[in-house]
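Structure below is model-v1.pdb: PDB, C-alpha atoms and all ligand atoms.
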```pdb
ATOM      1  CA  MET T  26     -26.242  34.851  -8.333
ATOM      2  CA  TYR T  27     -28.862  35.294 -10.975
ATOM      3  CA  LYS T  28     -29.867  38.668  -9.614
ATOM      4  CA  CYS T  29     -26.274  39.749  -9.527
ATOM      5  CA  LYS T  30     -25.770  38.729 -13.148
ATOM      6  CA  THR T  31     -28.782  40.697 -14.297
ATOM      7  CA  GLN T  32     -27.533  43.728 -12.410
ATOM      8  CA  ILE T  33     -24.195  43.490 -14.166
ATOM      9  CA  HIS T  34     -26.062  43.026 -17.402
ATOM     10  CA  MET T  35     -28.179  46.115 -16.654
ATOM     11  CA  VAL T  36     -25.107  48.170 -15.828
ATOM     12  CA  LYS T  37     -23.454  46.916 -19.019
ATOM     13  CA  SER T  38     -26.442  47.829 -21.149
ATOM     14  CA  MET T  39     -26.698  51.219 -19.433
ATOM     15  CA  LEU T  40     -23.036  51.840 -20.185
ATOM     16  CA  GLU T  41     -23.712  50.842 -23.780
ATOM     17  CA  ILE T  42     -26.557  53.323 -23.945
ATOM     18  CA  ILE T  43     -24.399  56.065 -22.470
ATOM     19  CA  THR T  44     -21.508  55.359 -24.838
ATOM     20  CA  SER T  45     -23.823  55.251 -27.825
ATOM     21  CA  MET T  46     -25.393  58.501 -26.665
ATOM     22  CA  LEU T  47     -21.958  60.069 -26.300
ATOM     23  CA  GLU T  48     -21.014  58.810 -29.750
ATOM     24  CA  MET T  49     -24.213  60.294 -31.119
ATOM     25  CA  LEU T  50     -23.474  63.596 -29.420
ATOM     26  CA  SER T  51     -19.945  63.750 -30.747
ATOM     27  CA  SER T  52     -21.066  62.857 -34.264
ATOM     28  CA  MET T  53     -23.823  65.444 -33.953
ATOM     29  CA  SER T  54     -21.363  68.100 -32.859
ATOM     30  CA  LYS T  55     -19.178  67.131 -35.816
ATOM     31  CA  ILE T  56     -22.102  68.012 -38.058
ATOM     32  CA  LEU T  57     -23.464  70.828 -35.925
ATOM     33  CA  VAL T  58     -20.290  72.861 -35.514
ATOM     34  CA  PRO T  59     -19.572  73.260 -39.258
ATOM     35  CA  THR T  60     -23.272  73.937 -39.841
ATOM     36  CA  LEU T  61     -23.243  76.629 -37.195
ATOM     37  CA  TRP T  62     -20.126  78.114 -38.717
ATOM     38  CA  LEU T  63     -21.707  78.059 -42.160
ATOM     39  CA  CYS T  64     -24.793  79.784 -40.795
ATOM     40  CA  PHE T  65     -22.647  82.377 -39.086
ATOM     41  CA  VAL T  66     -20.566  83.026 -42.216
ATOM     42  CA  ALA T  67     -23.703  83.198 -44.371
ATOM     43  CA  TYR T  68     -25.302  85.599 -41.912
ATOM     44  CA  ALA T  69     -22.172  87.759 -41.761
ATOM     45  CA  ALA T  70     -21.973  87.831 -45.552
ATOM     46  CA  TRP T  71     -25.637  88.677 -45.811
ATOM     47  CA  TYR T  72     -25.320  91.400 -43.184
ATOM     48  CA  TYR T  73     -22.304  92.884 -44.928
ATOM     49  CA  THR T  74     -23.854  92.879 -48.406
ATOM     50  CA  SER T  75     -27.250  94.095 -47.223
ATOM     51  CA  ALA T  76     -25.628  96.906 -45.263
ATOM     52  CA  LYS T  77     -23.681  97.891 -48.352
ATOM     53  CA  LYS T  78     -26.860  98.236 -50.367
ATOM     54  CA  TYR T  79     -28.071 101.085 -48.196
ATOM     55  CA  ALA T  80     -27.240 104.560 -49.342
ATOM     56  CA  PRO T  81     -26.389 107.026 -46.595
ATOM     57  CA  LEU T  82     -28.479 110.165 -46.485
ATOM     58  CA  THR T  83     -27.894 113.565 -44.991
ATOM     59  CA  ARG T  84     -30.359 115.024 -42.495
ATOM     60  CA  GLU T  85     -31.488 117.522 -45.116
ATOM     61  CA  GLU T  86     -32.178 114.770 -47.683
ATOM     62  CA  VAL T  87     -34.207 112.839 -45.135
ATOM     63  CA  ARG T  88     -36.198 115.996 -44.351
ATOM     64  CA  ILE T  89     -36.965 116.452 -48.064
ATOM     65  CA  LEU T  90     -37.955 112.790 -48.458
ATOM     66  CA  TRP T  91     -40.195 113.057 -45.399
ATOM     67  CA  LYS T  92     -41.863 116.188 -46.788
ATOM     68  CA  LEU T  93     -42.394 114.378 -50.108
ATOM     69  CA  HIS T  94     -43.988 111.474 -48.245
ATOM     70  CA  LYS T  95     -46.278 113.891 -46.373
ATOM     71  CA  GLN T  96     -47.325 115.516 -49.662
ATOM     72  CA  ASP T  97     -47.779 112.131 -51.335
ATOM     73  CA  VAL T  98     -50.154 110.607 -48.818
ATOM     74  CA  GLY T  99     -51.400 113.769 -47.095
ATOM     75  CA  CYS T 100     -49.724 112.747 -43.868
ATOM     76  CA  GLU T 101     -50.224 115.096 -40.901
ATOM     77  CA  ALA T 102     -47.336 113.815 -38.805
ATOM     78  CA  LYS T 103     -45.071 116.278 -37.015
ATOM     79  CA  LYS T 104     -42.170 113.995 -36.205
ATOM     80  CA  TRP T 105     -39.910 111.424 -37.814
ATOM     81  CA  GLN T 106     -37.182 109.160 -36.578
ATOM     82  CA  GLU T 107     -34.006 108.315 -38.382
ATOM     83  CA  ILE T 108     -33.219 104.753 -39.424
ATOM     84  CA  ARG T 109     -29.551 103.948 -39.087
ATOM     85  CA  ARG T 110     -27.364 101.225 -40.500
ATOM     86  CA  LYS T 111     -23.766 101.026 -39.290
ATOM     87  CA  ASP T 112     -23.930 104.579 -37.909
ATOM     88  CA  LYS T 113     -25.122 105.996 -41.213
ATOM     89  CA  MET T 114     -28.538 107.482 -41.729
ATOM     90  CA  VAL T 115     -30.236 105.498 -44.470
ATOM     91  CA  GLY T 116     -33.847 106.470 -44.026
ATOM     92  CA  PHE T 117     -36.601 107.610 -41.727
ATOM     93  CA  GLU T 118     -39.668 106.376 -39.954
ATOM     94  CA  CYS T 119     -42.623 108.736 -39.980
ATOM     95  CA  GLU T 120     -44.890 109.216 -36.976
ATOM     96  CA  CYS T 121     -47.670 107.570 -38.997
ATOM     97  CA  GLY T 122     -45.647 104.369 -39.262
ATOM     98  CA  TYR T 123     -44.371 104.911 -42.796
ATOM     99  CA  LYS T 124     -40.796 103.764 -43.272
ATOM    100  CA  HIS T 125     -38.461 104.822 -46.000
ATOM    101  CA  VAL T 126     -35.030 103.287 -46.446
ATOM    102  CA  GLN T 127     -32.802 104.621 -49.173
ATOM    103  CA  LYS T 128     -31.294 101.796 -51.164
ATOM    104  CA  ARG T 129     -28.861 102.129 -53.968
ATOM    105  CA  PRO T 130     -30.477 101.681 -57.347
ATOM    106  CA  ILE T 131     -29.348  98.390 -58.889
ATOM    107  CA  ALA T 132     -28.925  99.852 -62.397
ATOM    108  CA  ALA T 133     -26.656 102.698 -61.297
ATOM    109  CA  SER T 134     -24.339 100.748 -59.000
ATOM    110  CA  MET T 135     -21.580 103.341 -59.499
ATOM    111  CA  PRO T 136     -22.561 106.654 -57.922
ATOM    112  CA  VAL T 137     -21.461 109.895 -59.597
ATOM    113  CA  SER T 138     -19.152 110.711 -56.676
ATOM    114  CA  HIS T 139     -17.086 107.602 -57.454
ATOM    115  CA  VAL T 140     -16.191 108.878 -60.934
ATOM    116  CA  GLY T 141     -14.130 111.628 -59.332
ATOM    117  CA  GLN T 142     -12.205 108.998 -57.386
ATOM    118  CA  VAL T 143     -11.566 106.854 -60.447
ATOM    119  CA  SER T 144     -10.368 109.518 -62.859
ATOM    120  CA  PRO T 145      -7.081 110.476 -61.087
ATOM    121  CA  VAL T 146      -6.087 106.818 -61.184
ATOM    122  CA  PHE T 147      -6.890 106.761 -64.864
ATOM    123  CA  TYR T 148      -4.744 109.851 -65.514
ATOM    124  CA  LYS T 149      -1.883 108.342 -63.527
ATOM    125  CA  MET T 150      -2.116 105.198 -65.585
ATOM    126  CA  HIS T 151      -2.210 107.291 -68.707
ATOM    127  CA  THR T 152       0.937 109.275 -67.819
ATOM    128  CA  THR T 153       2.908 106.148 -66.909
ATOM    129  CA  TYR T 154       1.943 104.687 -70.240
ATOM    130  CA  GLU T 155       3.167 107.826 -72.057
ATOM    131  CA  SER T 156       6.524 107.980 -70.234
ATOM    132  CA  GLU T 157       7.407 104.438 -71.211
TER     133      GLU T 157
HETATM  134 ZN    ZN Y 201     -46.345 109.855 -42.439
END
```
Target encoding structure tokens, full file:
Amino acid sequence: MYKCKTQIHMVKSMLEIITSMLEMLSSMSKILVPTLWLCFVAYAAWYYTSAKKYAPLTREEVRILWKLHKQDVGCEAKKWQEIRRKDKMVGFECECGYKHVQKRPIAASMPVSHVGQVSPVFYKMHTTYESE
């Protein structure tokens, strides 16, 4: 009888442990899932903004930059590899291990090429204003 009681007691306490563990797990997942989502969103935002900071280069520009690097440090390398971000060439890696990634200058956030895209909109706005 006594033994049987203790066994029931043991099973009861084991069940309590399991339920408390399950409760802990569910409360953890309640915290974990939003945290994971936050991390993912933060990472995605970081990836997007960091990718935007890179300025795409043409093959010719990279060649010129590489030649400048070779002149600068007296590098004797014969080869270079392109560094790509979102299928755009943004820099190069020299055979000597030197890496150059073209980033947009912070001060001039609006490249000259964008001015040409803005001005027609401005003229359109101007003409609509005149016709009124
Ligand atoms: Zn080099």
Would you compute the box with edges along x, y and z of the file around segment 42-46 of chain T, including every atom the file lists for it and 4 Å extra on each side, and give its centre and edge lengths in Å to one decimal, as lines of an AutoDock Vina configuration file?
```
center_x = -24.0
center_y = 55.9
center_z = -25.1
size_x = 13.0
size_y = 13.2
size_z = 13.4
```
Worksheet item: Got a sec to check which residues lie within 9 Å of ligand ZN 201 (chain Y), using all atoms listed in the file, and send them as a PyMOL selection string?
Response: chain T and resi 91-92+94-95+98-105+118-124
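Shortest atom-to-atom contact with Lys78 of chain T among T:Leu90, T:Leu47, T:Val126, T:Ile33: T:Val126, counting all atoms listed in the file.
Atom CA of Ser52 of chain T is positioned 27.4 Å from atom CA of Ala70 of chain T.
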Fill in: Exercise: residues within 12 Å of coordinate (-29.0, 111.3, -45.4), counting all atoms listed in the file, as a list in words
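Neighbouring residues, ordered by chain and number, come to Tyr79, Ala80, Pro81, Leu82, Thr83, Arg84, Glu85, Glu86, Val87, Arg88, Ile89, Leu90, Trp91, Glu107, Ile108, Arg109, Arg110, Asp112, Lys113, Met114, Val115, Gly116, Phe117, His125, Val126, Gln127 and Lys128 of chain T.
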Worksheet entry | One-decimal distance in Å that lies between atom CA of Lys30 of chain T and atom CA of Glu48 of chain T |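 Interatomic distance here is 26.5 Å.
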Worksheet item: Any idea what the distance is between atom CA of Val58 of chain T and atom CA of Lys111 of chain T?
Response: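 Here the two named atoms are 28.6 Å from each other.
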